[in-house]
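Q: Pasting upload04.cif here (mmCIF, C-alpha atoms):
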```cif
data_entry
loop_
_atom_site.label_atom_id
_atom_site.label_comp_id
_atom_site.auth_asym_id
_atom_site.auth_seq_id
_atom_site.Cartn_x
_atom_site.Cartn_y
_atom_site.Cartn_z
CA MET Z 27 0.00 0.00 0.00
CA THR Z 28 1.38 3.41 -0.89
CA THR Z 29 1.92 6.22 1.66
CA ALA Z 30 -0.91 8.21 0.11
CA LYS Z 31 -3.30 5.32 0.59
CA LYS Z 32 -2.23 4.91 4.21
CA ASN Z 33 -2.93 8.55 4.96
CA HIS Z 34 -6.23 8.78 3.11
CA LEU Z 35 -8.38 5.66 2.94
CA THR Z 36 -11.69 5.53 1.12
CA LEU Z 37 -13.87 2.98 2.86
CA SER Z 38 -17.53 2.08 2.94
CA ALA Z 39 -19.32 2.38 6.28
CA LEU Z 40 -19.36 -1.42 6.57
CA ALA Z 41 -15.62 -1.66 5.91
CA VAL Z 42 -14.86 0.98 8.52
CA GLN Z 43 -16.98 -0.81 11.10
CA SER Z 44 -15.22 -4.07 10.31
CA ALA Z 45 -11.82 -2.41 10.58
CA LEU Z 46 -12.68 -0.91 13.95
CA LEU Z 47 -13.93 -4.22 15.31
CA SER Z 48 -10.88 -6.10 14.10
CA GLY Z 49 -8.43 -3.51 15.43
CA LEU Z 50 -7.07 -2.55 12.01
CA PHE Z 51 -7.39 1.22 12.61
CA VAL Z 52 -3.87 2.14 13.75
CA SER Z 53 -2.36 5.49 14.66
CA SER Z 54 -0.79 6.01 11.22
CA VAL Z 55 -4.26 6.27 9.65
CA ASN Z 56 -5.55 9.81 10.33
CA ALA Z 57 -8.30 10.15 7.72
CA ALA Z 58 -11.07 8.09 6.21
CA GLU Z 59 -14.08 8.71 3.98
CA LEU Z 60 -17.50 7.35 4.88
CA GLY Z 61 -19.61 8.05 1.83
CA SER Z 62 -19.74 11.84 1.56
CA THR Z 63 -18.14 12.40 4.99
CA GLU Z 64 -14.41 12.69 5.60
CA VAL Z 65 -13.36 11.75 9.13
CA LYS Z 66 -10.06 12.91 10.65
CA TYR Z 67 -8.31 12.70 13.99
CA GLY Z 68 -5.16 14.30 15.35
CA GLY Z 69 -3.46 15.76 18.37
CA TYR Z 70 -0.18 15.36 20.17
CA ILE Z 71 1.59 13.74 23.11
CA LYS Z 72 3.65 16.13 25.25
CA LEU Z 73 5.81 15.59 28.32
CA ASP Z 74 6.71 18.66 30.41
CA ALA Z 75 9.38 18.84 33.12
CA ILE Z 76 9.18 22.17 34.99
CA TRP Z 77 11.54 23.67 37.58
CA SER Z 78 10.01 26.74 39.32
CA ASP Z 79 11.64 29.13 41.78
CA PHE Z 80 9.41 31.79 43.42
CA SER Z 81 11.06 34.72 45.21
CA ASP Z 82 8.27 35.14 47.77
CA GLY Z 83 6.51 32.04 49.03
CA SER Z 84 5.47 29.22 46.72
CA LEU Z 85 2.43 27.58 45.18
CA PRO Z 86 1.09 24.38 46.80
CA SER Z 87 1.31 20.93 45.27
CA GLN Z 88 -0.87 20.38 42.19
CA HIS Z 89 -1.63 24.11 41.92
CA ILE Z 90 -2.51 25.05 38.33
CA GLY Z 91 0.17 27.77 38.39
CA ARG Z 92 2.80 25.05 38.60
CA ASP Z 93 1.54 23.34 35.43
CA PHE Z 94 1.79 26.53 33.36
CA TYR Z 95 2.36 30.26 33.89
CA ILE Z 96 -0.65 32.17 35.25
CA PRO Z 97 0.37 35.82 35.90
CA GLY Z 98 -2.05 36.51 38.75
CA THR Z 99 -0.86 33.55 40.86
CA THR Z 100 2.80 34.57 41.33
CA PRO Z 101 3.28 35.02 45.12
CA VAL Z 102 4.30 38.54 46.21
CA SER Z 103 6.16 40.10 49.16
CA GLY Z 104 5.34 38.61 52.52
CA GLY Z 105 5.72 34.97 51.63
CA GLU Z 106 8.60 32.86 52.93
CA PRO Z 107 11.16 32.09 50.21
CA LYS Z 108 11.35 28.34 49.70
CA ASP Z 109 13.40 25.91 47.68
CA ALA Z 110 12.61 25.54 44.00
CA VAL Z 111 9.96 22.95 43.09
CA PHE Z 112 10.03 20.40 40.27
CA ASP Z 113 6.97 19.06 38.43
CA MET Z 114 6.57 16.58 35.59
CA HIS Z 115 3.34 15.83 33.72
CA ALA Z 116 1.85 14.86 30.37
CA ARG Z 117 -1.44 16.70 30.94
CA GLN Z 118 -1.12 19.01 27.95
CA SER Z 119 -1.46 16.03 25.59
CA ARG Z 120 -4.58 16.39 23.46
CA PHE Z 121 -6.83 14.64 20.96
CA ASN Z 122 -9.20 16.02 18.32
CA PHE Z 123 -11.78 14.41 16.06
CA ALA Z 124 -13.30 16.17 13.05
CA THR Z 125 -15.75 15.50 10.22
CA ASP Z 126 -16.42 17.20 6.88
CA THR Z 127 -19.65 16.22 5.09
CA LYS Z 128 -20.19 17.32 1.50
CA LEU Z 129 -23.75 18.38 0.66
CA ASP Z 130 -25.62 18.19 -2.66
CA ASP Z 131 -25.49 21.97 -3.13
CA GLY Z 132 -21.68 21.96 -2.98
CA SER Z 133 -21.44 23.28 0.58
CA SER Z 134 -20.37 21.26 3.59
CA ILE Z 135 -21.05 20.74 7.29
CA GLN Z 136 -17.94 20.46 9.44
CA THR Z 137 -17.59 19.43 13.08
CA LYS Z 138 -14.73 19.29 15.55
CA ILE Z 139 -14.31 18.13 19.13
CA GLU Z 140 -11.04 18.50 21.02
CA LEU Z 141 -10.01 17.28 24.47
CA ASP Z 142 -6.99 17.58 26.75
CA PHE Z 143 -6.25 16.99 30.44
CA ILE Z 144 -4.65 20.16 31.77
CA ALA Z 145 -6.51 22.28 34.36
CA SER Z 146 -8.76 19.29 35.09
CA THR Z 147 -9.47 17.31 38.27
CA GLY Z 148 -9.95 13.63 38.94
CA GLY Z 149 -6.48 12.38 39.75
CA ASN Z 150 -3.58 12.47 42.15
CA GLU Z 151 0.19 12.11 42.05
CA ARG Z 152 0.34 9.47 44.77
CA VAL Z 153 -0.74 6.40 42.84
CA THR Z 154 -2.63 6.81 39.57
CA ASN Z 155 -1.63 10.20 38.09
CA SER Z 156 -4.93 10.01 36.23
CA TYR Z 157 -6.77 13.16 35.16
CA SER Z 158 -10.21 13.76 33.73
CA PRO Z 159 -10.41 14.81 30.08
CA ARG Z 160 -11.81 18.31 29.56
CA ILE Z 161 -13.51 19.83 26.56
CA ARG Z 162 -11.46 22.43 24.66
CA GLN Z 163 -13.56 22.85 21.55
CA ALA Z 164 -16.81 21.35 20.27
CA TYR Z 165 -18.53 23.02 17.34
CA VAL Z 166 -20.30 22.66 14.00
CA THR Z 167 -19.88 25.00 11.01
CA TYR Z 168 -22.32 25.51 8.12
CA LYS Z 169 -22.34 28.20 5.39
CA GLY Z 170 -20.28 30.70 7.35
CA TRP Z 171 -21.90 29.95 10.70
CA LEU Z 172 -20.20 28.37 13.70
CA PHE Z 173 -22.20 27.02 16.65
CA GLY Z 174 -20.59 25.56 19.77
CA GLN Z 175 -17.49 26.14 21.86
CA ALA Z 176 -14.43 27.54 20.11
CA TRP Z 177 -11.77 30.23 20.42
CA SER Z 178 -13.33 33.63 21.09
CA ASN Z 179 -13.73 35.80 18.02
CA PHE Z 180 -11.97 38.51 20.08
CA GLN Z 181 -8.80 36.38 20.11
CA ASN Z 182 -6.31 35.86 17.29
CA VAL Z 183 -4.96 32.33 17.75
CA GLY Z 184 -2.67 32.85 14.74
CA ALA Z 185 -0.67 35.41 16.74
CA LEU Z 186 0.27 32.97 19.53
CA PRO Z 187 4.02 32.24 19.42
CA GLU Z 188 5.56 28.78 19.68
CA THR Z 189 6.45 28.25 23.33
CA LEU Z 190 6.86 25.34 25.70
CA ASP Z 191 4.59 27.00 28.26
CA PHE Z 192 0.93 26.11 27.70
CA VAL Z 193 -0.12 29.69 26.89
CA GLY Z 194 3.20 31.52 26.44
CA PRO Z 195 2.40 35.27 26.46
CA ALA Z 196 -0.14 34.80 29.27
CA ASP Z 197 0.19 38.39 30.54
CA GLY Z 198 -0.48 40.03 27.19
CA THR Z 199 -2.77 37.82 25.15
CA VAL Z 200 -6.51 37.53 24.86
CA PHE Z 201 -7.12 33.87 25.72
CA VAL Z 202 -10.68 32.56 25.86
CA ARG Z 203 -12.57 29.52 24.61
CA GLN Z 204 -16.33 29.58 25.13
CA ALA Z 205 -19.76 28.84 23.67
CA MET Z 206 -20.84 31.12 20.83
CA ALA Z 207 -22.69 31.67 17.60
CA LYS Z 208 -20.35 33.20 15.01
CA TYR Z 209 -20.84 34.31 11.42
CA THR Z 210 -17.97 34.84 8.97
CA ILE Z 211 -18.29 36.64 5.65
CA GLY Z 212 -15.17 37.52 3.69
CA ASN Z 213 -12.64 39.17 5.98
CA TRP Z 214 -15.26 39.93 8.64
CA SER Z 215 -16.59 37.81 11.49
CA PHE Z 216 -19.15 38.59 14.17
CA SER Z 217 -20.14 36.64 17.27
CA ALA Z 218 -22.43 36.47 20.28
CA GLU Z 219 -20.59 34.69 23.08
CA ASN Z 220 -21.17 33.40 26.60
CA PRO Z 221 -21.10 36.22 29.18
CA GLU Z 222 -19.61 36.00 32.66
CA SER Z 223 -18.28 38.70 34.97
CA THR Z 224 -15.58 38.69 37.65
CA ILE Z 225 -16.19 41.44 40.20
CA THR Z 226 -14.27 42.74 43.22
CA SER Z 227 -16.85 42.79 46.00
CA GLU Z 228 -17.02 45.22 48.92
CA GLY Z 229 -15.00 42.80 51.00
CA GLY Z 230 -12.34 42.49 48.32
CA ALA Z 231 -13.12 38.92 47.27
CA ARG Z 232 -13.59 37.84 43.67
CA VAL Z 233 -17.23 37.23 42.85
CA VAL Z 234 -18.06 35.40 39.63
CA THR Z 235 -21.50 36.33 38.33
CA ASP Z 236 -23.43 34.92 35.39
CA ASP Z 237 -26.44 37.21 35.42
CA ALA Z 238 -25.97 39.22 32.21
CA SER Z 239 -29.14 39.70 30.17
CA MET Z 240 -27.19 39.83 26.89
CA PRO Z 241 -24.28 37.84 25.41
CA ASP Z 242 -20.85 39.33 24.82
CA PHE Z 243 -20.61 40.71 21.27
CA THR Z 244 -17.52 40.83 19.07
CA ALA Z 245 -16.60 42.06 15.60
CA ARG Z 246 -13.35 41.22 13.84
CA TYR Z 247 -11.56 42.10 10.60
CA THR Z 248 -8.70 39.97 9.23
CA TYR Z 249 -6.33 41.14 6.52
CA LYS Z 250 -4.02 38.56 4.92
CA ALA Z 251 -1.07 39.17 2.63
CA ASP Z 252 2.15 37.51 1.52
CA TRP Z 253 4.00 39.21 4.39
CA GLY Z 254 1.64 37.79 7.05
CA HIS Z 255 -1.66 38.95 8.51
CA LEU Z 256 -3.27 41.64 10.67
CA VAL Z 257 -6.36 41.28 12.87
CA VAL Z 258 -8.39 44.04 14.54
CA ALA Z 259 -11.12 42.90 16.94
CA ALA Z 260 -13.65 44.73 19.13
CA LEU Z 261 -15.57 43.50 22.17
CA GLY Z 262 -18.70 44.86 23.83
CA ARG Z 263 -20.04 43.30 27.03
CA GLU Z 264 -22.28 43.79 30.03
CA LEU Z 265 -20.75 43.40 33.49
CA THR Z 266 -23.23 42.43 36.20
CA TYR Z 267 -23.30 42.17 39.99
CA LYS Z 268 -26.51 40.70 41.34
CA VAL Z 269 -25.72 39.49 44.83
CA ALA Z 270 -28.10 39.81 47.80
CA THR Z 271 -29.88 43.16 47.32
CA ALA Z 272 -27.38 44.47 44.75
CA ASP Z 273 -28.54 44.61 41.13
CA GLU Z 274 -25.98 46.56 39.10
CA SER Z 275 -24.67 46.43 35.56
CA GLU Z 276 -22.05 48.28 33.53
CA THR Z 277 -21.35 48.28 29.78
CA SER Z 278 -17.72 47.77 28.78
CA PHE Z 279 -15.68 47.78 25.59
CA GLY Z 280 -12.30 46.65 24.35
CA ILE Z 281 -10.21 46.60 21.18
CA SER Z 282 -7.32 44.39 20.17
CA ALA Z 283 -4.82 44.53 17.30
CA SER Z 284 -2.59 41.56 16.53
CA GLY Z 285 -0.80 39.82 13.74
CA ARG Z 286 2.19 38.11 12.22
CA VAL Z 287 4.94 39.52 10.00
CA ASN Z 288 7.08 37.06 8.04
CA PHE Z 289 10.79 37.52 7.39
CA GLY Z 290 11.43 34.56 5.15
CA LYS Z 291 10.98 31.55 7.42
CA ASN Z 292 11.34 33.71 10.55
CA ASN Z 293 8.42 35.67 11.94
CA LEU Z 294 7.37 38.38 14.36
CA LYS Z 295 4.07 38.01 16.23
CA PHE Z 296 2.38 40.68 18.34
CA MET Z 297 -0.77 41.78 20.13
CA LEU Z 298 -1.92 44.96 21.87
CA THR Z 299 -5.25 45.08 23.75
CA GLN Z 300 -6.87 47.96 25.60
CA GLY Z 301 -10.28 48.38 27.17
CA GLN Z 302 -12.42 48.73 30.25
CA GLY Z 303 -13.93 45.78 32.03
CA LEU Z 304 -12.05 43.16 30.00
CA GLY Z 305 -11.52 41.02 33.11
CA ARG Z 306 -11.24 37.33 32.20
CA TYR Z 307 -10.51 38.05 28.52
CA VAL Z 308 -6.90 39.16 29.12
CA GLY Z 309 -4.00 38.11 31.35
CA LEU Z 310 -5.81 34.88 32.33
CA ASN Z 311 -8.06 37.04 34.55
CA ALA Z 312 -5.15 38.81 36.28
CA ALA Z 313 -7.61 41.61 37.07
CA HIS Z 314 -11.35 41.56 37.63
CA GLY Z 315 -13.80 43.19 35.27
CA ALA Z 316 -15.08 45.76 37.76
CA VAL Z 317 -15.23 46.88 41.40
CA TYR Z 318 -18.50 47.09 43.36
CA ASP Z 319 -18.34 49.95 45.90
CA GLY Z 320 -21.63 49.17 47.62
CA LYS Z 321 -23.68 51.26 45.21
CA ASP Z 322 -22.28 51.10 41.70
CA LEU Z 323 -20.05 49.03 39.44
CA HIS Z 324 -16.83 50.62 38.21
CA ALA Z 325 -15.12 48.93 35.26
CA ILE Z 326 -11.37 48.39 35.53
CA ASP Z 327 -9.29 49.70 32.63
CA SER Z 328 -6.41 47.54 31.41
CA THR Z 329 -3.72 47.48 28.75
CA SER Z 330 -1.84 44.36 27.71
CA GLY Z 331 0.30 43.06 24.90
CA PHE Z 332 3.21 40.99 23.73
CA VAL Z 333 5.81 40.75 21.01
CA ALA Z 334 7.55 37.51 19.99
CA TYR Z 335 10.25 36.84 17.42
CA GLN Z 336 10.91 33.33 16.09
CA HIS Z 337 14.21 32.58 14.41
CA TYR Z 338 15.10 29.43 12.48
CA TRP Z 339 18.79 28.65 12.97
CA ASN Z 340 18.55 25.84 10.41
CA PRO Z 341 15.81 23.40 9.29
CA GLN Z 342 16.00 21.49 12.59
CA TRP Z 343 16.70 24.22 15.19
CA ARG Z 344 14.59 27.28 16.03
CA SER Z 345 14.02 29.71 18.92
CA THR Z 346 11.29 32.07 20.16
CA PHE Z 347 12.10 35.23 22.13
CA LEU Z 348 9.08 36.69 23.94
CA TYR Z 349 8.13 39.77 25.99
CA SER Z 350 4.63 40.02 27.49
CA PHE Z 351 2.95 42.53 29.83
CA PHE Z 352 -0.31 43.37 31.59
CA SER Z 353 -1.28 46.57 33.41
CA ALA Z 354 -4.51 47.36 35.28
CA ASP Z 355 -5.65 50.87 36.21
CA ASN Z 356 -7.21 50.16 39.60
CA ASP Z 357 -8.94 53.08 41.33
CA LYS Z 358 -7.41 53.03 44.83
CA ASP Z 359 -10.28 55.14 46.21
CA LEU Z 360 -12.62 52.21 45.56
CA LEU Z 361 -10.45 49.63 47.32
CA GLY Z 362 -10.62 48.82 51.01
CA VAL Z 363 -7.47 48.64 53.12
CA THR Z 364 -7.44 44.84 52.83
CA VAL Z 365 -7.80 44.79 49.03
CA ASP Z 366 -4.53 44.61 47.11
CA PRO Z 367 -5.20 43.61 43.50
CA THR Z 368 -2.66 42.98 40.77
CA GLU Z 369 -1.40 46.23 39.23
CA SER Z 370 0.98 44.77 36.64
CA THR Z 371 2.71 41.63 35.47
CA THR Z 372 5.54 41.15 32.99
CA SER Z 373 7.37 38.13 31.64
CA TYR Z 374 10.30 37.38 29.36
CA SER Z 375 11.14 34.00 27.88
CA ALA Z 376 13.47 32.37 25.39
CA ASN Z 377 13.56 28.82 24.12
CA ILE Z 378 15.47 26.47 21.90
CA LEU Z 379 13.55 23.84 19.91
CA TYR Z 380 15.02 20.87 18.07
CA SER Z 381 13.09 18.70 15.59
CA PRO Z 382 15.27 15.79 14.41
CA VAL Z 383 12.33 14.55 12.34
CA LYS Z 384 9.08 16.18 11.31
CA LYS Z 385 6.46 16.39 14.11
CA LEU Z 386 8.89 15.40 16.91
CA THR Z 387 10.27 18.30 18.97
CA PHE Z 388 12.61 18.50 21.97
CA GLY Z 389 12.73 21.86 23.72
CA ALA Z 390 14.08 23.91 26.60
CA GLU Z 391 12.64 27.25 27.73
CA TYR Z 392 13.59 29.79 30.40
CA LYS Z 393 11.02 32.27 31.72
CA VAL Z 394 11.39 35.23 34.11
CA ALA Z 395 8.20 36.87 35.40
CA THR Z 396 7.28 39.62 37.89
CA ARG Z 397 3.98 40.49 39.51
CA GLU Z 398 3.30 43.74 41.39
CA THR Z 399 0.20 44.70 43.37
CA GLU Z 400 -1.29 48.14 44.02
CA SER Z 401 0.46 48.35 47.40
CA GLY Z 402 3.86 47.89 45.75
CA ALA Z 403 4.31 44.28 46.85
CA LYS Z 404 6.35 42.31 44.31
CA GLY Z 405 7.13 38.71 43.53
CA ASP Z 406 9.30 37.03 40.92
CA LEU Z 407 9.26 33.69 39.16
CA ASP Z 408 12.18 31.94 37.49
CA ARG Z 409 11.14 28.88 35.53
CA LEU Z 410 13.07 26.35 33.46
CA GLN Z 411 11.01 23.97 31.35
CA PHE Z 412 11.93 20.97 29.23
CA SER Z 413 9.45 19.33 26.84
CA VAL Z 414 9.15 16.48 24.37
CA LYS Z 415 6.26 16.71 21.91
CA TYR Z 416 5.08 14.45 19.10
CA VAL Z 417 2.26 15.57 16.81
CA PHE Z 418 0.13 12.87 15.17
#
```
Taking this structure as input, can you express it in the form of structure tokens?
A:
Amino acid sequence: MTTAKKNHLTLSALAVQSALLSGLFVSSVNAAELGSTEVKYGGYIKLDAIWSDFSDGSLPSQHIGRDFYIPGTTPVSGGEPKDAVFDMHARQSRFNFATDTKLDDGSSIQTKIELDFIASTGGNERVTNSYSPRIRQAYVTYKGWLFGQAWSNFQNVGALPETLDFVGPADGTVFVRQAMAKYTIGNWSFSAENPESTITSEGGARVVTDDASMPDFTARYTYKADWGHLVVAALGRELTYKVATADESETSFGISASGRVNFGKNNLKFMLTQGQGLGRYVGLNAAHGAVYDGKDLHAIDSTSGFVAYQHYWNPQWRSTFLYSFFSADNDKDLLGVTVDPTESTTSYSANILYSPVKKLTFGAEYKVATRETESGAKGDLDRLQFSVKYVF
């Protein structure tokens, strides 16, 4: 059988069923046709070994901030410096399954579902090291429409740089997957997406509310050229706080510009986002969307961004150099004496990636990050990460 036939089999539904039952579907077969439907699967296996050194305190065992960098979790002044911690996991490994059905009118219906195991519960590191799969994406597309859970239309996934860390520019990128209805026509796309607000309460605690009467709305324009691409996206949303007798809402807006510029095989990726009440959309929720002062909601302004340059040393070796930042404009007059939210975070990272064969990558990455709160308390993170990744 030729390589082409191995990678793209045309089978009847009965033949596929027989192959499944007899165990003939092996990992080298990643596509099949069932009548007018093409079925594909893919994903990758990834092992991460992470050494983390916090300047002020540390994060407890199995804390999500030890699996990947989350800007708002870096401990700040007041914590006891401790020895560096070492973690190893394969939780970022993922699997996706997709279909593409051709219709009589020449259009098609496409579906995709994708799972991984990071940020999930269900296991321990004492005996089993088992973790529950979690849904990343699950959607159907038809004639320009997308229905289901996918990357937010406010985010440009194509601007994310290649890093060993799960997110990479966590301080400065929009990073959201959620349920939505999206319509794409030409270079434009529009969406209505799941709303949820994170609010600083009177006592200073984070309150997550899901009481908005309208979805979050986005509009996005994508320009593509030989040199790369540019994306401009806008977000409009309603922040709500309906707790006890409080029943407040506030309209907020944001805008983001991002893209990729090619220099031969090398590339520069970037993003700059500014708005009020962005909350969970940027910095992995490093700041809340608004503050409730006992009477009204006050949206929190924020600015964030990143720039990353990837250089190919030769066909097998490449590196990414990254700077990322987040800054929140907290109104100190609205904060109680016990409330000390994140004012800014920054991170720098550099990696070296080696692919001896296509789809297999060995890598090492060093990250330095700093978090500062409104009171001036600071904390640093030094992290060294090694990874092995195979894409199938």
Q: Would you mind listing what lies within 12 Å of Phe289 in chain Z as JSON, numbers by chain, with all atoms listed in the file counted and same-chain residues fewer than 6 positions away left out?
A: {"Z": [252, 253, 254, 295, 335, 336, 337, 338]}
Q: Now that the selection is made, can you save its residues with C-alpha atoms as a PDB file, keeping the file's coordinate frame?
A:
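After the write, part.pdb holds the following:
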```
ATOM      1  CA  ASP Z 252       2.150  37.510   1.520  1.00  0.00           C
ATOM      2  CA  TRP Z 253       4.000  39.210   4.390  1.00  0.00           C
ATOM      3  CA  GLY Z 254       1.640  37.790   7.050  1.00  0.00           C
ATOM      4  CA  LYS Z 295       4.070  38.010  16.230  1.00  0.00           C
ATOM      5  CA  TYR Z 335      10.250  36.840  17.420  1.00  0.00           C
ATOM      6  CA  GLN Z 336      10.910  33.330  16.090  1.00  0.00           C
ATOM      7  CA  HIS Z 337      14.210  32.580  14.410  1.00  0.00           C
ATOM      8  CA  TYR Z 338      15.100  29.430  12.480  1.00  0.00           C
TER       9      TYR Z 338
END
```
Q: So, counting only C-alpha atoms, which residue among Z:Glu59, Z:Glu276, Z:Asp113, Z:Glu228 is closest to Thr364 in chain Z?
A: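 Comparing Z:Glu59, Z:Glu276, Z:Asp113, Z:Glu228 against Thr364 in chain Z, the winner is Z:Glu228.
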Q: Excluding Phe332 in chain Z and any residue of its chain fewer than 5 positions from it, enumerate the residues within 6 Å of it, using all atoms listed in the file, and give them as a PyMOL selection string.
A: chain Z and resi 198+296-297+349-350
Q: At a cut-off of 9 Å, using only C-alpha atoms, what residues contact Ile281 in chain Z? Leave out same-chain residues fewer than 6 positions from it and give the result as JSON, numbers by chain.
A: {"Z": [180, 258, 259, 260, 261, 298, 299, 300, 301]}
Q: Once the PyMOL selection byres ((chain Z and resi 241-244) around 9) has been applied to the shown file, what residues remain in the selection, as a VMD selection string?
A: chain Z and resid 178 to 180 206 215 to 222 238 to 240 245 to 246 259 to 264
Q: What is the distance, in Å and to one decimal place, between CA of Leu190 in chain Z and CA of Glu391 in chain Z?
A: 6.4 Å
Q: Applying the PyMOL selection byres ((chain Z and resi 384) around 9) to the file I just gave you, which residues come out? Please list them as a list in words.
A: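 The output of the PyMOL selection byres ((chain Z and resi 384) around 9) on this file is Gln342, Ser381, Pro382, Val383, Lys385, Leu386, Thr387, Tyr416 and Val417 of chain Z.
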Q: Out of Z:Pro195, Z:Gly331, Z:Gly402, Z:Gly315, which residue has the shortest atom-to-atom distance to Phe94 in chain Z when counting all atoms listed in the file?
A: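 Between Z:Pro195, Z:Gly331, Z:Gly402, Z:Gly315, the residue approaching Phe94 in chain Z most closely is Z:Pro195.
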Q: To one decimal place, how far is CA of Pro107 in chain Z from CA of Gly230 in chain Z in Å?
A: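 We find that CA of Pro107 in chain Z and CA of Gly230 in chain Z lie 25.8 Å from each other.
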Q: With only C-alpha atoms counted and 12 Å as the cut-off, give the residues of range 181-264 of chain Z in contact with range 72-87 of chain Z, each with its shortest interatomic distance in Å and the pair that gives it, as CSV.
A:
```
residue,atom,partner,partner_atom,distance
Z:Thr189,CA,Z:Asp74,CA,11.9
Z:Leu190,CA,Z:Asp74,CA,8.2
Z:Asp191,CA,Z:Asp74,CA,8.9
Z:Phe192,CA,Z:Asp74,CA,9.8
```
Q: When distances are computed from only C-alpha atoms, which of Z:Phe173, Z:Tyr247, Z:Tyr374, Z:Trp214 shows the smallest separation from Ala283 in chain Z?
A: Z:Tyr247
Q: Could you please give me, as a PyMOL selection string, the residues of protein, DNA or RNA lying at most 10 Å from (-10.3, 29.7, 25.0) in the coordinate frame of the file, considering all atoms listed in the file?
A: chain Z and resi 162-163+175-179+181+183+200-205+307
Q: Within 12 Å of Ile96 in chain Z, counting all atoms listed in the file, which residues qualify if same-chain residues fewer than 2 places away don't, as an mmCIF file with C-alpha atoms, in the frame of the given file?
A:
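File written: out-v8.cif
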```cif
data_model
loop_
_atom_site.group_PDB
_atom_site.id
_atom_site.type_symbol
_atom_site.label_atom_id
_atom_site.label_comp_id
_atom_site.auth_asym_id
_atom_site.auth_seq_id
_atom_site.Cartn_x
_atom_site.Cartn_y
_atom_site.Cartn_z
ATOM 1 C CA LEU Z 85 2.430 27.580 45.180
ATOM 2 C CA HIS Z 89 -1.630 24.110 41.920
ATOM 3 C CA ILE Z 90 -2.510 25.050 38.330
ATOM 4 C CA GLY Z 91 0.170 27.770 38.390
ATOM 5 C CA ARG Z 92 2.800 25.050 38.600
ATOM 6 C CA ASP Z 93 1.540 23.340 35.430
ATOM 7 C CA PHE Z 94 1.790 26.530 33.360
ATOM 8 C CA GLY Z 98 -2.050 36.510 38.750
ATOM 9 C CA THR Z 99 -0.860 33.550 40.860
ATOM 10 C CA THR Z 100 2.800 34.570 41.330
ATOM 11 C CA PRO Z 101 3.280 35.020 45.120
ATOM 12 C CA ALA Z 145 -6.510 22.280 34.360
ATOM 13 C CA ASP Z 191 4.590 27.000 28.260
ATOM 14 C CA PHE Z 192 0.930 26.110 27.700
ATOM 15 C CA VAL Z 193 -0.120 29.690 26.890
ATOM 16 C CA GLY Z 194 3.200 31.520 26.440
ATOM 17 C CA PRO Z 195 2.400 35.270 26.460
ATOM 18 C CA ALA Z 196 -0.140 34.800 29.270
ATOM 19 C CA ASP Z 197 0.190 38.390 30.540
ATOM 20 C CA GLY Z 198 -0.480 40.030 27.190
ATOM 21 C CA THR Z 199 -2.770 37.820 25.150
ATOM 22 C CA PHE Z 201 -7.120 33.870 25.720
ATOM 23 C CA VAL Z 308 -6.900 39.160 29.120
ATOM 24 C CA GLY Z 309 -4.000 38.110 31.350
ATOM 25 C CA LEU Z 310 -5.810 34.880 32.330
ATOM 26 C CA ASN Z 311 -8.060 37.040 34.550
ATOM 27 C CA ALA Z 312 -5.150 38.810 36.280
ATOM 28 C CA ALA Z 313 -7.610 41.610 37.070
ATOM 29 C CA PHE Z 352 -0.310 43.370 31.590
ATOM 30 C CA THR Z 371 2.710 41.630 35.470
ATOM 31 C CA THR Z 372 5.540 41.150 32.990
ATOM 32 C CA SER Z 373 7.370 38.130 31.640
ATOM 33 C CA ALA Z 395 8.200 36.870 35.400
ATOM 34 C CA THR Z 396 7.280 39.620 37.890
ATOM 35 C CA ARG Z 397 3.980 40.490 39.510
ATOM 36 C CA LEU Z 407 9.260 33.690 39.160
#
```
Q: Can you list, as a compact mmCIF listing (two decimals) with C-alpha atoms, in the coordinates of the input, the residues that the PyMOL selection byres ((chain Z and resi 303) around 9) selects here?
A:
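The resulting file, out-v3.txt, is shown below:
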```txt
# COMPACT_ATOMS: atom_id res chain seq x y z
CA SER Z 223 -18.28 38.70 34.97
CA ARG Z 263 -20.04 43.30 27.03
CA GLU Z 264 -22.28 43.79 30.03
CA LEU Z 265 -20.75 43.40 33.49
CA GLU Z 276 -22.05 48.28 33.53
CA THR Z 277 -21.35 48.28 29.78
CA SER Z 278 -17.72 47.77 28.78
CA PHE Z 279 -15.68 47.78 25.59
CA GLY Z 280 -12.30 46.65 24.35
CA GLY Z 301 -10.28 48.38 27.17
CA GLN Z 302 -12.42 48.73 30.25
CA LEU Z 304 -12.05 43.16 30.00
CA GLY Z 305 -11.52 41.02 33.11
CA ARG Z 306 -11.24 37.33 32.20
CA HIS Z 314 -11.35 41.56 37.63
CA GLY Z 315 -13.80 43.19 35.27
CA ALA Z 316 -15.08 45.76 37.76
CA HIS Z 324 -16.83 50.62 38.21
CA ALA Z 325 -15.12 48.93 35.26
CA ILE Z 326 -11.37 48.39 35.53
CA ASP Z 327 -9.29 49.70 32.63
CA SER Z 328 -6.41 47.54 31.41
```
Q: What does the distance from CA of Leu172 in chain Z to CA of Lys208 in chain Z come to in Å, to one decimal?
A: 5.0 Å
Q: Please list, as a list of chain:residue names, the residues that have an atom at most 12 Å away from (-9.5, 15.4, 6.8) in the coordinates of this file, counting all atoms listed in the file.
A: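 The answer, in the requested form, is Z:Asn33, Z:His34, Z:Leu35, Z:Thr36, Z:Val55, Z:Asn56, Z:Ala57, Z:Ala58, Z:Glu59, Z:Leu60, Z:Thr63, Z:Glu64, Z:Val65, Z:Lys66, Z:Tyr67, Z:Gly68, Z:Asn122, Z:Phe123, Z:Ala124, Z:Thr125, Z:Asp126, Z:Thr127, Z:Gln136, Z:Thr137, Z:Lys138.
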